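S.K.: I'm passing along structure-v4.tsv; it holds TSV, C-alpha atoms.
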```tsv
chain	number	residue	atom	x	y	z
A	960	MET	CA	0.00	0.00	0.00
A	961	LYS	CA	1.46	3.30	-1.04
A	962	ARG	CA	1.96	5.85	1.73
A	963	ALA	CA	0.54	8.54	-0.55
A	964	ALA	CA	-2.69	6.55	-0.83
A	965	LEU	CA	-3.01	6.37	2.94
A	966	GLY	CA	-3.29	10.13	3.32
A	967	ASN	CA	-3.95	11.04	6.93
A	968	GLY	CA	-6.29	8.14	7.60
A	969	ASN	CA	-6.10	4.47	8.43
A	970	PRO	CA	-7.85	2.48	5.68
A	971	VAL	CA	-10.02	-0.43	6.79
A	972	LEU	CA	-10.42	-3.36	4.39
A	973	TYR	CA	-12.00	-6.79	4.76
A	974	HIS	CA	-11.15	-10.24	3.47
A	975	GLN	CA	-13.51	-11.64	0.85
A	976	SER	CA	-13.41	-15.37	0.26
A	977	LEU	CA	-16.79	-15.79	-1.48
A	978	PRO	CA	-17.32	-15.16	-5.23
A	979	SER	CA	-19.83	-12.36	-4.66
A	980	PHE	CA	-20.17	-9.12	-6.62
A	981	SER	CA	-22.57	-7.72	-4.00
A	982	MET	CA	-20.26	-8.07	-1.00
A	983	PRO	CA	-17.86	-5.22	-1.88
A	984	GLU	CA	-20.79	-2.91	-2.57
A	985	TRP	CA	-22.40	-3.63	0.80
A	986	ALA	CA	-19.05	-3.29	2.56
A	987	ALA	CA	-18.38	0.07	0.92
A	988	ALA	CA	-21.85	1.28	1.86
A	989	ALA	CA	-21.11	0.33	5.47
A	990	GLY	CA	-17.90	2.38	5.45
A	991	TYR	CA	-15.14	-0.03	4.49
A	992	ASP	CA	-12.41	1.50	2.35
A	993	GLY	CA	-11.54	-1.58	0.33
A	994	VAL	CA	-11.22	-5.31	0.03
A	995	VAL	CA	-8.64	-8.09	0.06
A	996	LEU	CA	-9.86	-10.69	-2.40
A	997	ASP	CA	-8.58	-13.85	-0.77
A	998	LEU	CA	-7.52	-16.48	-3.29
A	999	GLN	CA	-5.50	-18.33	-0.68
A	1000	HIS	CA	-8.44	-19.50	1.43
A	1001	GLY	CA	-12.13	-19.94	0.72
A	1002	GLU	CA	-14.10	-20.40	-2.48
A	1003	LEU	CA	-12.87	-17.45	-4.54
A	1004	GLY	CA	-11.22	-18.51	-7.79
A	1005	LEU	CA	-9.18	-16.54	-10.28
A	1006	ASP	CA	-11.96	-15.92	-12.82
A	1007	ALA	CA	-14.40	-14.69	-10.18
A	1008	ALA	CA	-11.74	-12.49	-8.56
A	1009	CYS	CA	-10.91	-10.86	-11.91
A	1010	GLY	CA	-14.59	-10.19	-12.51
A	1011	ILE	CA	-15.03	-8.63	-9.07
A	1012	LEU	CA	-12.01	-6.39	-9.62
A	1013	ARG	CA	-13.55	-5.09	-12.83
A	1014	SER	CA	-16.78	-4.33	-10.97
A	1015	LEU	CA	-15.06	-2.16	-8.37
A	1016	PRO	CA	-14.59	1.59	-8.91
A	1017	ARG	CA	-11.51	2.05	-11.02
A	1018	ASP	CA	-10.06	4.65	-8.64
A	1019	ASN	CA	-10.33	2.47	-5.50
A	1020	ALA	CA	-6.75	2.38	-4.20
A	1021	TYR	CA	-7.54	-0.52	-1.87
A	1022	ALA	CA	-8.66	-3.21	-4.30
A	1023	TYR	CA	-6.22	-5.91	-3.24
A	1024	ALA	CA	-5.78	-9.61	-3.88
A	1025	ARG	CA	-3.99	-12.19	-1.76
A	1026	VAL	CA	-2.66	-14.97	-3.94
A	1027	GLY	CA	-1.96	-18.54	-2.92
A	1028	SER	CA	1.63	-18.57	-4.18
A	1029	LEU	CA	4.22	-16.47	-5.98
A	1030	ASP	CA	3.24	-17.86	-9.40
A	1031	ALA	CA	3.45	-14.85	-11.71
A	1032	ALA	CA	0.66	-15.95	-14.07
A	1033	PRO	CA	-2.35	-15.36	-11.77
A	1034	VAL	CA	-0.69	-12.22	-10.41
A	1035	LEU	CA	-0.55	-10.81	-13.94
A	1036	ARG	CA	-4.23	-11.53	-14.58
A	1037	LEU	CA	-5.30	-9.98	-11.29
A	1038	LEU	CA	-3.27	-6.84	-11.97
A	1039	ASP	CA	-4.54	-6.53	-15.54
A	1040	SER	CA	-8.08	-6.79	-14.14
A	1041	GLY	CA	-7.45	-3.84	-11.84
A	1042	ALA	CA	-5.91	-5.08	-8.58
A	1043	ARG	CA	-4.04	-2.24	-6.87
A	1044	GLY	CA	-2.04	-4.51	-4.62
A	1045	ILE	CA	-0.85	-8.10	-4.44
A	1046	ILE	CA	-0.36	-9.76	-1.06
A	1047	ALA	CA	2.00	-12.73	-1.15
A	1048	PRO	CA	1.52	-15.11	1.80
A	1049	THR	CA	4.20	-16.63	4.02
A	1050	VAL	CA	7.12	-14.57	2.75
A	1051	GLU	CA	10.27	-15.73	4.55
A	1052	SER	CA	13.19	-14.53	2.43
A	1053	ARG	CA	14.51	-11.75	0.26
A	1054	SER	CA	14.38	-14.00	-2.80
A	1055	GLN	CA	10.64	-14.52	-2.31
A	1056	THR	CA	10.19	-10.77	-1.90
A	1057	GLU	CA	12.14	-10.14	-5.08
A	1058	ALA	CA	9.87	-12.60	-6.91
A	1059	LEU	CA	6.83	-10.69	-5.63
A	1060	VAL	CA	8.23	-7.36	-6.82
A	1061	ALA	CA	9.19	-8.85	-10.18
A	1062	ALA	CA	5.65	-10.16	-10.77
A	1063	THR	CA	4.00	-6.95	-9.59
A	1064	LYS	CA	6.09	-4.20	-11.19
A	1065	TYR	CA	6.79	-3.20	-14.78
A	1066	PRO	CA	10.43	-2.91	-15.90
A	1067	PRO	CA	12.88	-1.75	-14.77
A	1068	ALA	CA	11.58	-2.40	-11.24
A	1069	GLY	CA	10.20	-5.83	-12.19
A	1070	ASN	CA	9.26	-7.91	-15.21
A	1071	ARG	CA	5.48	-7.58	-15.36
A	1072	SER	CA	4.24	-7.94	-18.93
A	1073	LEU	CA	2.43	-5.02	-20.53
A	1074	GLY	CA	-1.06	-6.13	-21.55
A	1075	PRO	CA	-4.07	-4.24	-22.97
A	1076	SER	CA	-6.63	-5.94	-20.72
A	1077	ARG	CA	-8.16	-2.66	-19.51
A	1078	PRO	CA	-7.73	0.71	-21.24
A	1079	ALA	CA	-6.08	3.59	-19.36
A	1080	LEU	CA	-5.88	1.63	-16.12
A	1081	TYR	CA	-3.09	3.88	-14.83
A	1082	PRO	CA	-3.66	7.50	-15.87
A	1083	ALA	CA	-0.71	9.86	-15.91
A	1084	ALA	CA	-0.13	12.08	-12.92
A	1085	PRO	CA	-1.90	15.48	-13.22
A	1086	GLY	CA	0.29	18.08	-14.85
A	1087	ASP	CA	2.89	15.56	-15.98
A	1088	PRO	CA	2.31	14.77	-19.66
A	1089	ALA	CA	5.67	13.01	-19.86
A	1090	ASP	CA	4.62	10.43	-17.31
A	1091	SER	CA	4.63	6.96	-18.79
A	1092	TYR	CA	1.98	4.30	-18.34
A	1093	THR	CA	4.42	1.85	-16.78
A	1094	GLU	CA	5.75	4.41	-14.31
A	1095	ALA	CA	2.20	5.31	-13.30
A	1096	GLY	CA	1.39	1.62	-12.96
A	1097	ASN	CA	4.35	1.00	-10.67
A	1098	ARG	CA	3.23	3.86	-8.46
A	1099	ALA	CA	-0.38	2.70	-8.41
A	1100	VAL	CA	0.25	-0.97	-7.62
A	1101	SER	CA	1.66	-2.22	-4.33
A	1102	ALA	CA	3.82	-5.26	-3.67
A	1103	ILE	CA	2.86	-6.50	-0.21
A	1104	ALA	CA	4.77	-9.22	1.63
A	1105	GLN	CA	2.83	-11.10	4.29
A	1106	ILE	CA	4.95	-12.02	7.29
A	1107	GLU	CA	3.20	-14.70	9.29
A	1108	THR	CA	5.90	-17.03	10.59
A	1109	LYS	CA	8.82	-16.81	12.99
A	1110	ALA	CA	11.13	-17.53	10.05
A	1111	GLY	CA	9.76	-14.52	8.19
A	1112	LEU	CA	10.07	-12.34	11.27
A	1113	ASP	CA	13.68	-13.42	11.77
A	1114	ARG	CA	14.44	-12.22	8.22
A	1115	ALA	CA	12.31	-9.08	8.39
A	1116	GLU	CA	15.21	-6.73	7.73
A	1117	GLU	CA	16.20	-8.43	4.45
A	1118	ILE	CA	12.54	-8.69	3.39
A	1119	VAL	CA	11.58	-5.10	4.15
A	1120	SER	CA	14.74	-3.64	2.60
A	1121	THR	CA	14.03	-5.30	-0.76
A	1122	PRO	CA	13.84	-2.62	-3.49
A	1123	GLY	CA	10.31	-2.22	-4.82
A	1124	LEU	CA	8.50	-3.57	-1.77
A	1125	ASP	CA	5.69	-1.23	-0.71
A	1126	SER	CA	4.17	-2.83	2.37
A	1127	VAL	CA	4.26	-5.63	4.92
A	1128	TYR	CA	1.06	-7.37	6.01
A	1129	ILE	CA	1.05	-9.31	9.29
A	1130	GLY	CA	-0.83	-12.58	9.68
A	1131	PRO	CA	-1.09	-12.66	13.49
A	1132	ALA	CA	-2.86	-16.01	13.90
A	1133	ASP	CA	-0.37	-17.98	11.81
A	1134	LEU	CA	2.46	-16.08	13.45
A	1135	ALA	CA	1.16	-17.18	16.83
A	1136	VAL	CA	0.96	-20.80	15.65
A	1137	SER	CA	4.57	-20.65	14.49
A	1138	TYR	CA	5.48	-19.82	18.10
A	1139	GLY	CA	3.49	-22.80	19.37
A	1140	MET	CA	0.61	-20.63	20.58
A	1141	PRO	CA	-3.14	-20.69	19.81
A	1142	GLY	CA	-4.08	-19.23	16.43
A	1143	ARG	CA	-5.60	-16.02	17.76
A	1144	GLY	CA	-5.26	-12.65	16.14
A	1145	ASP	CA	-5.79	-10.24	19.02
A	1146	TRP	CA	-2.63	-10.53	21.12
A	1147	ALA	CA	-2.10	-7.69	23.59
A	1148	ASP	CA	1.24	-9.04	24.81
A	1149	GLY	CA	3.73	-11.83	24.19
A	1150	PRO	CA	5.76	-12.63	21.05
A	1151	VAL	CA	3.08	-11.63	18.53
A	1152	ARG	CA	2.63	-8.20	20.06
A	1153	GLU	CA	6.39	-7.82	20.24
A	1154	ALA	CA	6.58	-8.81	16.56
A	1155	ILE	CA	4.09	-6.09	15.63
A	1156	ALA	CA	6.16	-3.46	17.45
A	1157	TYR	CA	9.37	-4.74	15.85
A	1158	LEU	CA	7.90	-4.71	12.35
A	1159	ARG	CA	6.65	-1.18	12.96
A	1160	GLU	CA	10.25	-0.11	13.63
A	1161	VAL	CA	11.68	-1.93	10.61
A	1162	THR	CA	9.03	-0.76	8.14
A	1163	THR	CA	9.27	2.83	9.35
A	1164	ALA	CA	13.04	2.78	8.92
A	1165	HIS	CA	12.69	1.66	5.29
A	1166	GLY	CA	9.68	3.82	4.32
A	1167	VAL	CA	7.39	0.80	3.97
A	1168	THR	CA	3.85	0.72	5.32
A	1169	LEU	CA	2.50	-1.89	7.73
A	1170	GLY	CA	-0.87	-3.63	7.85
A	1171	ILE	CA	-2.41	-6.48	9.79
A	1172	TYR	CA	-5.47	-8.69	9.91
A	1173	SER	CA	-7.81	-8.20	12.86
A	1174	GLY	CA	-11.11	-9.75	13.81
A	1175	ARG	CA	-12.12	-7.29	16.53
A	1176	PRO	CA	-12.99	-3.58	16.20
A	1177	GLU	CA	-11.74	-2.77	19.72
A	1178	TYR	CA	-8.37	-4.38	19.07
A	1179	THR	CA	-8.13	-2.56	15.74
A	1180	ALA	CA	-8.84	0.80	17.38
A	1181	GLY	CA	-6.05	0.14	19.88
A	1182	LEU	CA	-3.55	-0.64	17.13
A	1183	PHE	CA	-4.41	2.59	15.35
A	1184	ALA	CA	-4.30	4.63	18.57
A	1185	GLU	CA	-0.80	3.36	19.35
A	1186	GLY	CA	0.39	3.98	15.80
A	1187	LEU	CA	1.45	0.37	15.40
A	1188	VAL	CA	-0.05	-0.14	11.93
A	1189	ASP	CA	-1.12	1.96	8.95
A	1190	TYR	CA	-4.07	-0.11	7.80
A	1191	VAL	CA	-6.11	-3.12	8.90
A	1192	ALA	CA	-8.19	-5.79	7.23
A	1193	LEU	CA	-11.05	-6.06	9.72
A	1194	GLY	CA	-12.97	-9.30	9.40
A	1195	ILE	CA	-13.60	-12.02	6.84
A	1196	ASP	CA	-16.89	-12.29	4.97
A	1197	LEU	CA	-17.53	-15.86	6.16
A	1198	VAL	CA	-16.85	-14.96	9.80
A	1199	LEU	CA	-18.96	-11.81	9.59
A	1200	LEU	CA	-21.86	-13.72	8.06
A	1201	ASN	CA	-21.54	-16.53	10.58
A	1202	ARG	CA	-21.68	-13.99	13.41
A	1203	ALA	CA	-24.73	-12.29	11.92
A	1204	PHE	CA	-26.52	-15.62	11.47
A	1205	GLY	CA	-25.71	-16.66	15.02
A	1206	ASP	CA	-26.79	-13.34	16.52
A	1207	THR	CA	-30.06	-13.40	14.58
A	1208	ILE	CA	-31.03	-16.92	15.69
A	1209	ALA	CA	-29.94	-16.22	19.28
A	1210	ALA	CA	-32.10	-13.09	19.32
A	1211	LEU	CA	-35.08	-15.03	17.96
A	1212	LYS	CA	-34.70	-17.74	20.61
A	1213	ALA	CA	-34.43	-15.12	23.34
A	1214	ALA	CA	-37.54	-13.30	22.09
A	1215	ARG	CA	-39.56	-16.52	21.90
A	1216	SER	CA	-38.49	-17.56	25.40
A	1217	THR	CA	-39.68	-14.27	26.88
A	1218	GLY	CA	-42.75	-13.97	24.70
A	1219	SER	CA	-41.56	-10.64	23.34
A	1220	THR	CA	-43.05	-9.47	20.02
A	1221	SER	CA	-41.40	-6.06	19.85
```
Mind turning this structure into structure tokens?

M.R.:
Amino acid sequence: MKRAALGNGNPVLYHQSLPSFSMPEWAAAAGYDGVVLDLQHGELGLDAACGILRSLPRDNAYAYARVGSLDAAPVLRLLDSGARGIIAPTVESRSQTEALVAATKYPPAGNRSLGPSRPALYPAAPGDPADSYTEAGNRAVSAIAQIETKAGLDRAEEIVSTPGLDSVYIGPADLAVSYGMPGRGDWADGPVREAIAYLREVTTAHGVTLGIYSGRPEYTAGLFAEGLVDYVALGIDLVLLNRAFGDTIAALKAARSTGSTS
């Protein structure tokens, strides 16, 4: 995620794992800033993800996709369909980070192929007629390395210092598991919290932004208040729907047990 796109706010995205065109529209109406189309987990395939990207507003800076691997072919299709950021999971080395940058950026920063899938996807900067399409594309699209293991954390310096990397995204539950702890994402202390603080220092030193997944609004607010992260993906569609279903049935049972009709 580009720092310029962050402005003075803290964007809030959500993970989408269902092949739904309606979900991003409802999320945006509720106040979400963007989406992480999650091709690593869930039911969302490449064709559906590309279609959803084309349905989003072209100027949405937070239309992101998390891929299942560093295979350049699906990355290219997602970018040509309009993805503004690619999240690569379980990055644990500089070589993996370099592969992410290569797949995400046009030359000379990377080796992304120039395709005519969507016209004028990256308009030139205002007042700069000499600006090239590829330069504008490299500014518009973010290469985002997900650090979610102890091995990745141990190599954070070499990962974050990789030329062309724009952001680091923390997977707190998997990071906890790699330490032999429960797969929770709301750690207030311990090695995961220490990892967040450490990655904040490293990313700040290298001019790279930092994001994280969170399942709780209160925890998210605390992270923002302490300045630990720049952006958060708050919730997953399946979890949010499951919670809404459960709350609705629980409310019905409670109303029937008390005889309430209001």

S.K.: Can you pull out every residue within 12 Å of Cys1009 in chain A, counting only C-alpha atoms, but drop anything in the same chain fewer than 5 positions away, and send it as a ChimeraX atom specification?

M.R.: /A:978-980,996-998,1003-1004,1014-1015,1022-1024,1033-1042,1076-1077

S.K.: With all atoms listed in the file as the basis for distance, which of A:Gln975, A:Asn969, A:Thr1217, A:Thr1049 is at the shortest distance from Val995 in chain A?

M.R.: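 Counting all atoms listed in the file, the residue closest to Val995 in chain A is A:Gln975.
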
S.K.: Put the listed atoms of range 974-987 of chain A in a box along x, y and z with 4 Å added on every side and give me the centre and edge lengths in Å to one decimal, as JSON.

M.R.:
```
{"center_x": -16.9, "center_y": -7.9, "center_z": -1.6, "size_x": 19.4, "size_y": 23.9, "size_z": 18.1}
```

S.K.: Could you tell me which of A:Glu1153, A:Glu1116, A:Asp1030, A:Glu1107 comes closest to Pro1131 in chain A if we count all atoms listed in the file?

M.R.: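 Distance minimum relative to Pro1131 in chain A lands on A:Glu1107.
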
S.K.: Per residue of range 984-1074 of chain A within 10 Å of range 1176-1197 of chain A, note the shortest atom pair and the distance in Å to one decimal, counting all atoms listed in the file, and order the rows by chain and increasing residue number, as a tab-separated table.

M.R.:
```
residue	atom	partner	partner_atom	distance
A:Ala986	CA	A:Asp1196	CA	9.6
A:Tyr991	CA	A:Leu1193	CA	9.0
A:Asp992	CA	A:Ala1192	CA	9.7
A:Gly993	CA	A:Ala1192	CA	8.7
A:Val994	CA	A:Ala1192	CA	7.8
A:Val995	CA	A:Ala1192	CA	7.5
A:Asp997	CA	A:Ile1195	CA	9.3
A:Gly1001	CA	A:Leu1197	CA	8.7
```

S.K.: For Ser1028 in chain A, which residue among A:Pro1048, A:Gly1130, A:Gly1149, A:Gly1144 is the nearest when counting only C-alpha atoms?

M.R.: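 Among the listed residues, A:Pro1048 lies closest to Ser1028 in chain A.
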
S.K.: Could you please determine the separation between CA of Gly1069 in chain A and CA of Val1119 in chain A in Å, to one decimal place?

M.R.: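 Going from CA of Gly1069 in chain A over to CA of Val1119 in chain A, I get 16.4 Å.
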
S.K.: Env of Pro1082 in chain A: 10 Å cut, atoms = all atoms listed in the file, seq-sep filter 6 positions within chain, self excluded. Answer as a CSV table (one decimal) with C-alpha atoms, in the coordinates of the input.

M.R.:
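Output below, filename result_27.csv:
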```csv
chain,number,residue,atom,x,y,z
A,1090,ASP,CA,4.6,10.4,-17.3
A,1091,SER,CA,4.6,7.0,-18.8
A,1092,TYR,CA,2.0,4.3,-18.3
A,1093,THR,CA,4.4,1.8,-16.8
A,1095,ALA,CA,2.2,5.3,-13.3
A,1096,GLY,CA,1.4,1.6,-13.0
A,1099,ALA,CA,-0.4,2.7,-8.4
```

S.K.: At a cut-off of 9 Å, using all atoms listed in the file, what residues contact Ala1062 in chain A? Leave out same-chain residues fewer than 2 positions from it and give the result as a ChimeraX atom specification.

M.R.: /A:1029-1032,1034-1035,1057-1060,1064-1065,1069-1072,1102

S.K.: Name the closest residue to Thr1108 in chain A among the candidates A:Val1161, A:Val1050, A:Ala1068, A:Ala1079; distances are taken between atoms, counting only C-alpha atoms.

M.R.: A:Val1050

S.K.: Between A:Glu984, A:Asp1133, A:Asp1006, A:Asp1206, which is the closest to Ala1110 in chain A once you count all atoms listed in the file?

M.R.: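 Checking each of A:Glu984, A:Asp1133, A:Asp1006, A:Asp1206 against Ala1110 in chain A, counting all atoms listed in the file, the winner is A:Asp1133.
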
S.K.: Give the answer as one residue: which of A:Arg1025, A:Lys1109, A:His974, A:Arg1202 has the shortest atom-to-atom distance to Val1151 in chain A, using all atoms listed in the file?

M.R.: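 Using all atoms listed in the file, the shortest distance to Val1151 in chain A belongs to A:Lys1109.
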
S.K.: CA of Gly990 in chain A to CA of Glu1160 in chain A: how many Å, to one decimal?

M.R.: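 One can read the CA of Gly990 in chain A to CA of Glu1160 in chain A distance as 29.4 Å.
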
S.K.: Enter the distance from CA of Thr1168 in chain A to CA of Ile1045 in chain A, in Å, rounded to one decimal.

M.R.: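 Separation of CA of Thr1168 in chain A and CA of Ile1045 in chain A: 14.0 Å.
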